[in-house]
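Source file: protein17.cif. Holds: mmCIF, C-alpha atoms.
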```
data_run
#
loop_
_atom_site.group_PDB
_atom_site.id
_atom_site.type_symbol
_atom_site.label_atom_id
_atom_site.label_comp_id
_atom_site.auth_asym_id
_atom_site.auth_seq_id
_atom_site.Cartn_x
_atom_site.Cartn_y
_atom_site.Cartn_z
ATOM 1 C CA MET A 19 284.467 281.294 54.887
ATOM 2 C CA LEU A 20 286.544 283.441 57.243
ATOM 3 C CA THR A 21 290.051 283.956 55.919
ATOM 4 C CA ALA A 22 293.125 284.004 58.157
ATOM 5 C CA GLU A 23 293.201 287.780 57.798
ATOM 6 C CA ASP A 24 289.516 288.062 58.774
ATOM 7 C CA LYS A 25 290.173 286.016 61.912
ATOM 8 C CA LYS A 26 293.135 288.181 62.850
ATOM 9 C CA LEU A 27 291.075 291.360 62.478
ATOM 10 C CA ILE A 28 288.165 289.942 64.452
ATOM 11 C CA LEU A 29 290.460 288.950 67.319
ATOM 12 C CA GLN A 30 292.090 292.389 67.271
ATOM 13 C CA VAL A 31 288.781 294.213 67.450
ATOM 14 C CA TRP A 32 287.506 291.971 70.188
ATOM 15 C CA GLU A 33 290.643 292.682 72.168
ATOM 16 C CA LYS A 34 290.234 296.442 71.589
ATOM 17 C CA ILE A 35 286.804 296.472 73.204
ATOM 18 C CA ALA A 36 287.789 294.078 75.990
ATOM 19 C CA ASN A 37 286.876 296.560 78.734
ATOM 20 C CA GLN A 38 283.639 297.643 77.141
ATOM 21 C CA GLN A 39 282.246 294.352 75.996
ATOM 22 C CA ASP A 40 279.326 294.199 78.385
ATOM 23 C CA ASP A 41 278.415 297.784 77.549
ATOM 24 C CA CYS A 42 278.535 296.992 73.854
ATOM 25 C CA GLY A 43 276.158 294.088 74.340
ATOM 26 C CA ARG A 44 273.689 296.187 76.299
ATOM 27 C CA GLU A 45 273.948 299.061 73.848
ATOM 28 C CA ALA A 46 273.453 296.845 70.823
ATOM 29 C CA LEU A 47 270.284 295.395 72.317
ATOM 30 C CA GLU A 48 268.987 298.821 73.351
ATOM 31 C CA ARG A 49 269.580 300.113 69.830
ATOM 32 C CA MET A 50 267.902 297.086 68.330
ATOM 33 C CA PHE A 51 264.756 297.551 70.426
ATOM 34 C CA CYS A 52 264.697 301.270 69.630
ATOM 35 C CA VAL A 53 265.540 301.086 65.925
ATOM 36 C CA TYR A 54 263.596 297.922 65.105
ATOM 37 C CA PRO A 55 260.610 297.894 67.484
ATOM 38 C CA GLN A 56 259.361 294.627 65.984
ATOM 39 C CA THR A 57 262.218 292.867 67.788
ATOM 40 C CA LYS A 58 260.552 293.668 71.089
ATOM 41 C CA THR A 59 257.928 291.043 70.276
ATOM 42 C CA TYR A 60 260.499 288.411 71.156
ATOM 43 C CA PHE A 61 260.869 289.785 74.685
ATOM 44 C CA PRO A 62 257.355 290.325 76.006
ATOM 45 C CA HIS A 63 258.562 289.060 79.362
ATOM 46 C CA PHE A 64 261.295 291.705 79.638
ATOM 47 C CA ASP A 65 261.266 295.183 81.033
ATOM 48 C CA LEU A 66 262.508 297.027 77.970
ATOM 49 C CA ASN A 67 262.673 300.510 79.476
ATOM 50 C CA PRO A 68 266.029 302.332 79.284
ATOM 51 C CA GLY A 69 268.374 301.116 82.004
ATOM 52 C CA SER A 70 266.576 297.802 82.338
ATOM 53 C CA ASP A 71 268.551 295.259 84.328
ATOM 54 C CA GLN A 72 267.131 292.456 82.202
ATOM 55 C CA VAL A 73 268.413 294.073 79.020
ATOM 56 C CA ARG A 74 271.790 294.722 80.613
ATOM 57 C CA SER A 75 272.012 291.124 81.733
ATOM 58 C CA HIS A 76 270.883 289.756 78.389
ATOM 59 C CA GLY A 77 273.409 291.994 76.652
ATOM 60 C CA LYS A 78 276.108 290.369 78.788
ATOM 61 C CA LYS A 79 274.905 286.935 77.733
ATOM 62 C CA VAL A 80 274.943 287.900 74.056
ATOM 63 C CA VAL A 81 278.478 289.211 74.330
ATOM 64 C CA ALA A 82 279.627 286.154 76.252
ATOM 65 C CA ALA A 83 278.282 283.992 73.431
ATOM 66 C CA LEU A 84 280.045 286.150 70.840
ATOM 67 C CA SER A 85 283.254 285.951 72.891
ATOM 68 C CA ASN A 86 282.973 282.201 72.811
ATOM 69 C CA ALA A 87 282.446 282.367 69.068
ATOM 70 C CA VAL A 88 285.501 284.601 68.678
ATOM 71 C CA LYS A 89 287.567 282.018 70.592
ATOM 72 C CA ASN A 90 286.298 279.280 68.290
ATOM 73 C CA LEU A 91 286.350 280.871 64.869
ATOM 74 C CA ASP A 92 287.434 277.552 63.346
ATOM 75 C CA ASN A 93 284.438 275.746 64.697
ATOM 76 C CA LEU A 94 281.519 278.101 65.052
ATOM 77 C CA SER A 95 278.995 275.351 64.500
ATOM 78 C CA GLN A 96 280.093 273.405 67.522
ATOM 79 C CA ALA A 97 280.745 276.445 69.718
ATOM 80 C CA LEU A 98 277.269 277.823 69.129
ATOM 81 C CA SER A 99 275.350 274.599 68.869
ATOM 82 C CA GLU A 100 273.725 274.833 72.288
ATOM 83 C CA LEU A 101 272.624 278.381 71.567
ATOM 84 C CA SER A 102 271.166 277.180 68.328
ATOM 85 C CA ASN A 103 269.008 274.794 70.303
ATOM 86 C CA LEU A 104 268.002 277.565 72.690
ATOM 87 C CA HIS A 105 266.848 279.856 69.895
ATOM 88 C CA ALA A 106 264.220 277.324 69.062
ATOM 89 C CA TYR A 107 261.959 279.458 66.956
ATOM 90 C CA ASN A 108 262.455 281.349 63.743
ATOM 91 C CA LEU A 109 264.003 284.601 64.879
ATOM 92 C CA ARG A 110 264.509 287.298 62.311
ATOM 93 C CA VAL A 111 266.492 289.373 64.765
ATOM 94 C CA ASP A 112 269.859 288.117 63.549
ATOM 95 C CA PRO A 113 270.519 290.615 60.728
ATOM 96 C CA LEU A 114 268.998 293.414 62.786
ATOM 97 C CA LEU A 115 271.145 292.662 65.844
ATOM 98 C CA SER A 116 274.151 292.341 63.557
ATOM 99 C CA GLN A 117 273.533 295.827 62.158
ATOM 100 C CA CYS A 118 273.097 297.277 65.660
ATOM 101 C CA PHE A 119 276.195 295.523 66.989
ATOM 102 C CA GLN A 120 278.239 296.924 64.112
ATOM 103 C CA VAL A 121 276.852 300.423 64.732
ATOM 104 C CA VAL A 122 277.972 300.102 68.367
ATOM 105 C CA LEU A 123 281.446 298.925 67.341
ATOM 106 C CA ALA A 124 281.737 301.746 64.803
ATOM 107 C CA ALA A 125 280.658 304.280 67.420
ATOM 108 C CA HIS A 126 283.187 302.961 69.951
ATOM 109 C CA LEU A 127 286.088 302.419 67.563
ATOM 110 C CA GLY A 128 285.655 305.312 65.127
ATOM 111 C CA LYS A 129 288.407 305.212 62.528
ATOM 112 C CA ASP A 130 289.623 301.886 63.916
ATOM 113 C CA TYR A 131 286.482 300.287 62.519
ATOM 114 C CA THR A 132 288.228 300.214 59.181
ATOM 115 C CA PRO A 133 286.610 298.875 55.995
ATOM 116 C CA GLU A 134 288.675 295.692 56.350
ATOM 117 C CA VAL A 135 287.553 295.195 59.949
ATOM 118 C CA HIS A 136 283.978 296.017 58.943
ATOM 119 C CA ALA A 137 284.094 293.356 56.215
ATOM 120 C CA ALA A 138 285.562 290.734 58.553
ATOM 121 C CA PHE A 139 283.032 291.449 61.289
ATOM 122 C CA ASP A 140 280.105 291.470 58.891
ATOM 123 C CA LYS A 141 281.174 288.030 57.682
ATOM 124 C CA PHE A 142 281.628 286.816 61.270
ATOM 125 C CA LEU A 143 278.186 287.959 62.411
ATOM 126 C CA SER A 144 276.613 286.450 59.279
ATOM 127 C CA ALA A 145 278.335 283.163 60.084
ATOM 128 C CA VAL A 146 277.071 283.307 63.674
ATOM 129 C CA ALA A 147 273.541 284.021 62.464
ATOM 130 C CA ALA A 148 273.760 281.143 59.981
ATOM 131 C CA VAL A 149 274.814 278.713 62.721
ATOM 132 C CA LEU A 150 272.051 279.880 65.028
ATOM 133 C CA ALA A 151 269.532 279.416 62.240
ATOM 134 C CA GLU A 152 270.683 275.845 61.556
ATOM 135 C CA LYS A 153 268.307 274.480 64.114
ATOM 136 C CA TYR A 154 265.330 276.683 63.269
ATOM 137 C CA ARG A 155 263.887 274.025 61.074
ATOM 138 C CA MET B 23 253.241 309.200 51.961
ATOM 139 C CA VAL B 24 255.747 308.633 54.729
ATOM 140 C CA HIS B 25 255.027 310.307 58.025
ATOM 141 C CA TRP B 26 257.968 311.975 59.726
ATOM 142 C CA SER B 27 257.660 313.204 63.290
ATOM 143 C CA ALA B 28 259.115 316.594 64.121
ATOM 144 C CA GLU B 29 261.796 314.860 66.161
ATOM 145 C CA GLU B 30 262.769 312.561 63.271
ATOM 146 C CA LYS B 31 263.045 315.517 60.898
ATOM 147 C CA GLN B 32 265.179 317.386 63.391
ATOM 148 C CA LEU B 33 267.490 314.410 63.982
ATOM 149 C CA ILE B 34 267.931 313.844 60.262
ATOM 150 C CA ALA B 35 268.635 317.506 59.539
ATOM 151 C CA SER B 36 270.980 317.866 62.477
ATOM 152 C CA VAL B 37 273.140 314.882 61.487
ATOM 153 C CA TRP B 38 273.096 315.868 57.813
ATOM 154 C CA SER B 39 274.298 319.393 58.589
ATOM 155 C CA LYS B 40 277.498 317.902 60.018
ATOM 156 C CA VAL B 41 278.131 315.376 57.240
ATOM 157 C CA ASN B 42 281.064 315.913 54.922
ATOM 158 C CA VAL B 43 279.310 314.670 51.801
ATOM 159 C CA GLU B 44 282.485 314.075 49.838
ATOM 160 C CA GLU B 45 284.205 312.066 52.585
ATOM 161 C CA CYS B 46 281.188 310.125 53.801
ATOM 162 C CA GLY B 47 280.006 309.390 50.288
ATOM 163 C CA ALA B 48 283.405 308.100 49.213
ATOM 164 C CA GLU B 49 283.713 306.003 52.362
ATOM 165 C CA ALA B 50 280.225 304.529 52.128
ATOM 166 C CA LEU B 51 280.628 303.475 48.520
ATOM 167 C CA ALA B 52 284.133 302.098 49.123
ATOM 168 C CA ARG B 53 282.851 300.065 52.073
ATOM 169 C CA LEU B 54 280.009 298.693 49.950
ATOM 170 C CA LEU B 55 282.541 297.433 47.396
ATOM 171 C CA ILE B 56 284.791 296.009 50.122
ATOM 172 C CA VAL B 57 282.232 294.450 52.474
ATOM 173 C CA TYR B 58 279.969 293.130 49.693
ATOM 174 C CA PRO B 59 282.392 292.438 46.851
ATOM 175 C CA TRP B 60 279.698 291.305 44.425
ATOM 176 C CA THR B 61 278.677 294.945 44.114
ATOM 177 C CA GLN B 62 281.905 295.537 42.216
ATOM 178 C CA ARG B 63 280.189 294.074 39.168
ATOM 179 C CA PHE B 64 278.370 297.361 38.666
ATOM 180 C CA PHE B 65 281.626 299.275 38.517
ATOM 181 C CA ALA B 66 283.671 297.298 36.002
ATOM 182 C CA SER B 67 284.749 300.522 34.285
ATOM 183 C CA PHE B 68 286.168 302.018 37.480
ATOM 184 C CA GLY B 69 289.627 300.510 37.095
ATOM 185 C CA ASN B 70 291.543 299.041 40.005
ATOM 186 C CA LEU B 71 289.241 297.513 42.606
ATOM 187 C CA SER B 72 291.602 294.682 43.456
ATOM 188 C CA SER B 73 292.030 295.369 47.175
ATOM 189 C CA PRO B 74 290.540 297.485 49.976
ATOM 190 C CA THR B 75 293.473 299.887 49.619
ATOM 191 C CA ALA B 76 292.937 300.155 45.872
ATOM 192 C CA ILE B 77 289.224 300.727 46.331
ATOM 193 C CA LEU B 78 289.670 303.361 49.043
ATOM 194 C CA GLY B 79 292.181 305.237 46.901
ATOM 195 C CA ASN B 80 290.314 304.889 43.627
ATOM 196 C CA PRO B 81 289.375 308.397 42.408
ATOM 197 C CA MET B 82 286.369 307.144 40.447
ATOM 198 C CA VAL B 83 285.001 305.439 43.546
ATOM 199 C CA ARG B 84 285.462 308.624 45.547
ATOM 200 C CA ALA B 85 283.808 310.751 42.890
ATOM 201 C CA HIS B 86 280.901 308.401 42.491
ATOM 202 C CA GLY B 87 280.461 308.046 46.240
ATOM 203 C CA ARG B 88 280.213 311.799 46.473
ATOM 204 C CA LYS B 89 277.639 311.824 43.672
ATOM 205 C CA VAL B 90 275.545 309.151 45.383
ATOM 206 C CA LEU B 91 275.539 310.894 48.751
ATOM 207 C CA THR B 92 274.818 314.265 47.152
ATOM 208 C CA SER B 93 271.766 312.690 45.611
ATOM 209 C CA PHE B 94 270.880 311.352 49.040
ATOM 210 C CA GLY B 95 270.845 314.958 50.175
ATOM 211 C CA GLU B 96 267.858 315.476 47.903
ATOM 212 C CA ALA B 97 265.908 313.040 50.047
ATOM 213 C CA VAL B 98 266.909 314.959 53.168
ATOM 214 C CA LYS B 99 265.682 318.195 51.539
ATOM 215 C CA ASN B 100 262.453 316.571 50.345
ATOM 216 C CA LEU B 101 261.408 314.236 53.137
ATOM 217 C CA ASP B 102 257.769 314.650 52.249
ATOM 218 C CA ASN B 103 258.265 313.754 48.620
ATOM 219 C CA ILE B 104 260.968 311.132 48.382
ATOM 220 C CA LYS B 105 259.036 308.949 45.942
ATOM 221 C CA ALA B 106 258.901 311.675 43.302
ATOM 222 C CA THR B 107 262.473 312.745 44.018
ATOM 223 C CA TYR B 108 263.811 309.316 43.028
ATOM 224 C CA SER B 109 261.375 308.423 40.274
ATOM 225 C CA LYS B 110 263.800 308.975 37.393
ATOM 226 C CA LEU B 111 266.739 307.455 39.289
ATOM 227 C CA SER B 112 264.627 304.395 39.962
ATOM 228 C CA GLU B 113 263.972 303.928 36.271
ATOM 229 C CA LEU B 114 267.652 304.423 35.526
ATOM 230 C CA HIS B 115 268.796 301.830 38.087
ATOM 231 C CA CYS B 116 266.335 299.324 36.666
ATOM 232 C CA GLU B 117 266.483 299.874 32.934
ATOM 233 C CA LYS B 118 270.059 300.982 32.324
ATOM 234 C CA LEU B 119 272.098 299.946 35.352
ATOM 235 C CA HIS B 120 270.336 296.660 36.209
ATOM 236 C CA VAL B 121 271.006 296.917 39.912
ATOM 237 C CA ASP B 122 269.239 294.524 42.267
ATOM 238 C CA PRO B 123 267.418 296.799 44.744
ATOM 239 C CA GLU B 124 268.679 294.662 47.609
ATOM 240 C CA ASN B 125 271.953 296.534 47.133
ATOM 241 C CA PHE B 126 270.269 299.847 48.018
ATOM 242 C CA ARG B 127 269.395 298.374 51.387
ATOM 243 C CA LEU B 128 272.998 297.237 51.875
ATOM 244 C CA LEU B 129 274.355 300.684 51.006
ATOM 245 C CA GLY B 130 271.879 302.272 53.413
ATOM 246 C CA ASP B 131 273.058 300.050 56.280
ATOM 247 C CA ILE B 132 276.667 300.844 55.444
ATOM 248 C CA LEU B 133 275.967 304.579 55.423
ATOM 249 C CA ILE B 134 274.558 304.199 58.941
ATOM 250 C CA ILE B 135 277.739 302.465 60.087
ATOM 251 C CA VAL B 136 279.857 305.228 58.523
ATOM 252 C CA LEU B 137 277.794 307.856 60.352
ATOM 253 C CA ALA B 138 278.205 305.938 63.616
ATOM 254 C CA SER B 139 281.974 305.781 63.171
ATOM 255 C CA HIS B 140 282.118 309.534 62.591
ATOM 256 C CA PHE B 141 279.659 310.720 65.228
ATOM 257 C CA ALA B 142 280.157 308.027 67.911
ATOM 258 C CA ARG B 143 278.013 308.735 70.994
ATOM 259 C CA ASP B 144 276.235 311.578 69.193
ATOM 260 C CA PHE B 145 274.736 309.041 66.835
ATOM 261 C CA THR B 146 272.182 308.061 69.433
ATOM 262 C CA PRO B 147 269.673 305.219 69.087
ATOM 263 C CA ALA B 148 267.040 307.837 68.246
ATOM 264 C CA CYS B 149 269.293 309.173 65.475
ATOM 265 C CA GLN B 150 269.839 305.662 64.204
ATOM 266 C CA PHE B 151 266.105 305.040 64.193
ATOM 267 C CA ALA B 152 265.413 308.132 62.098
ATOM 268 C CA TRP B 153 268.251 307.391 59.699
ATOM 269 C CA GLN B 154 267.425 303.696 59.285
ATOM 270 C CA LYS B 155 263.907 304.843 58.428
ATOM 271 C CA LEU B 156 265.297 307.332 55.919
ATOM 272 C CA VAL B 157 267.618 304.882 54.174
ATOM 273 C CA SER B 158 264.783 302.392 54.036
ATOM 274 C CA VAL B 159 262.432 304.939 52.449
ATOM 275 C CA VAL B 160 265.101 305.925 49.922
ATOM 276 C CA ALA B 161 265.809 302.284 49.045
ATOM 277 C CA HIS B 162 262.105 301.712 48.611
ATOM 278 C CA ALA B 163 261.724 304.767 46.372
ATOM 279 C CA LEU B 164 264.647 303.619 44.235
ATOM 280 C CA ALA B 165 263.047 300.213 43.814
ATOM 281 C CA ARG B 166 259.602 301.555 43.096
ATOM 282 C CA LYS B 167 259.857 301.903 39.307
ATOM 283 C CA TYR B 168 261.318 298.461 38.768
ATOM 284 C CA HIS B 169 259.571 296.222 36.322
#
```
File written out as structure tokens:
Amino acid sequence: MLTAEDKKLILQVWEKIANQQDDCGREALERMFCVYPQTKTYFPHFDLNPGSDQVRSHGKKVVAALSNAVKNLDNLSQALSELSNLHAYNLRVDPLLSQCFQVVLAAHLGKDYTPEVHAAFDKFLSAVAAVLAEKYR
Amino acid sequence: MVHWSAEEKQLIASVWSKVNVEECGAEALARLLIVYPWTQRFFASFGNLSSPTAILGNPMVRAHGRKVLTSFGEAVKNLDNIKATYSKLSELHCEKLHVDPENFRLLGDILIIVLASHFARDFTPACQFAWQKLVSVVAHALARKYH
């Protein structure tokens, strides 16, 4: 599904945001909760106020998982399989988090979030979401 | 009728006032064709769409992107009457153009990403919220006359 060129672009982008990865994770989650309030229903146990430590920490976890995925683009299914088990219920957050993550990348990278990079990343996040959904039912 | 808070209206207007309609429109449409290649089927008469470079440089894509975003401006000017604003366009996209309305949602999301890449930090979560609401309302209005 991901071409060689896609993989190259994904790795490049991930490298470009190396120093801001944790921030990107936090920001993507914050945007998701703000832009799509229905996603908050999956975190009733979290403090979702701005600056929340729980959101910051969960953002780090999300990015760590994506980093792992980026390192294993040839075998996403295996790399993410434990996460798939963790997300044990039918979450519809995947496309919404994908949109928010891409907005964050676009905001951080500006022109460098080229159409080609955008296409590769969209495919990557769709693939991640598909793997996570494998175990939903 | 959609309810817009004063803050949402202000955020929408403020972002729109800084948008270069020709550039953003061209970019949004080009990205649609690149990121979701199946959308190219609606533009068979546009000539060379064989690569991202070709698409980005294609004058018909640029012109049409500008046309699409200009039309979007009508929604911004008529937030309280978006349904009526797009009534005829909805019929056109159904009866003549045969476009699956799902593609309006995709274009809306892409427009948001284009805005984020241009405005960076200034495209705050609150801005994104207002604009995601707007693109969703527009997509809905465009789908409304489908039969």
Could the residues of chain A within 8 Å of chain B, counting only C-alpha atoms, be given as a CSV table (one decimal) with C-alpha atoms, in the frame of the given file, please?
```
chain,number,residue,atom,x,y,z
A,48,GLU,CA,269.0,298.8,73.4
A,49,ARG,CA,269.6,300.1,69.8
A,52,CYS,CA,264.7,301.3,69.6
A,53,VAL,CA,265.5,301.1,65.9
A,54,TYR,CA,263.6,297.9,65.1
A,117,GLN,CA,273.5,295.8,62.2
A,120,GLN,CA,278.2,296.9,64.1
A,121,VAL,CA,276.9,300.4,64.7
A,122,VAL,CA,278.0,300.1,68.4
A,124,ALA,CA,281.7,301.7,64.8
A,125,ALA,CA,280.7,304.3,67.4
A,126,HIS,CA,283.2,303.0,70.0
A,127,LEU,CA,286.1,302.4,67.6
A,128,GLY,CA,285.7,305.3,65.1
A,129,LYS,CA,288.4,305.2,62.5
A,131,TYR,CA,286.5,300.3,62.5
A,133,PRO,CA,286.6,298.9,56.0
A,134,GLU,CA,288.7,295.7,56.4
A,136,HIS,CA,284.0,296.0,58.9
A,137,ALA,CA,284.1,293.4,56.2
A,138,ALA,CA,285.6,290.7,58.6
A,140,ASP,CA,280.1,291.5,58.9
```
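Residues matched by the PyMOL selection byres ((chain B and resi 99-102) around 9) in this file: Met23, Val24, His25, Trp26, Lys31, Ala35, Phe94, Gly95, Glu96, Ala97, Val98, Asn103, Ile104, Lys105, Thr107 and Leu156 of chain B.
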Evaluate the PyMOL selection byres ((chain A and resi 29) around 12) and report residues as JSON, numbers by chain: {"A": [22, 23, 24, 25, 26, 27, 28, 30, 31, 32, 33, 34, 35, 36, 84, 85, 86, 87, 88, 89, 90, 91, 135, 138, 139, 142]}
For CA of Ala46 (chain A) and CA of Ala145 (chain A), the interatomic separation in Å (one decimal): 18.1 Å
Just need the box for region 117-136 of chain A, edges along x, y and z, holding every atom the file lists for it with 4 Å tacked onto each side, so centre and edge lengths in Å to one decimal, as lines of an AutoDock Vina configuration file.
```
center_x = 281.4
center_y = 300.3
center_z = 63.0
size_x = 24.5
size_y = 18.1
size_z = 22.0
```
Report, in Å to a single decimal, how far apart CA of Asp130 (chain A) and CA of His86 (chain B) are.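 Taking CA of His86 (chain B) as the start and CA of Asp130 (chain A) as the end point, the length is 24.0 Å.
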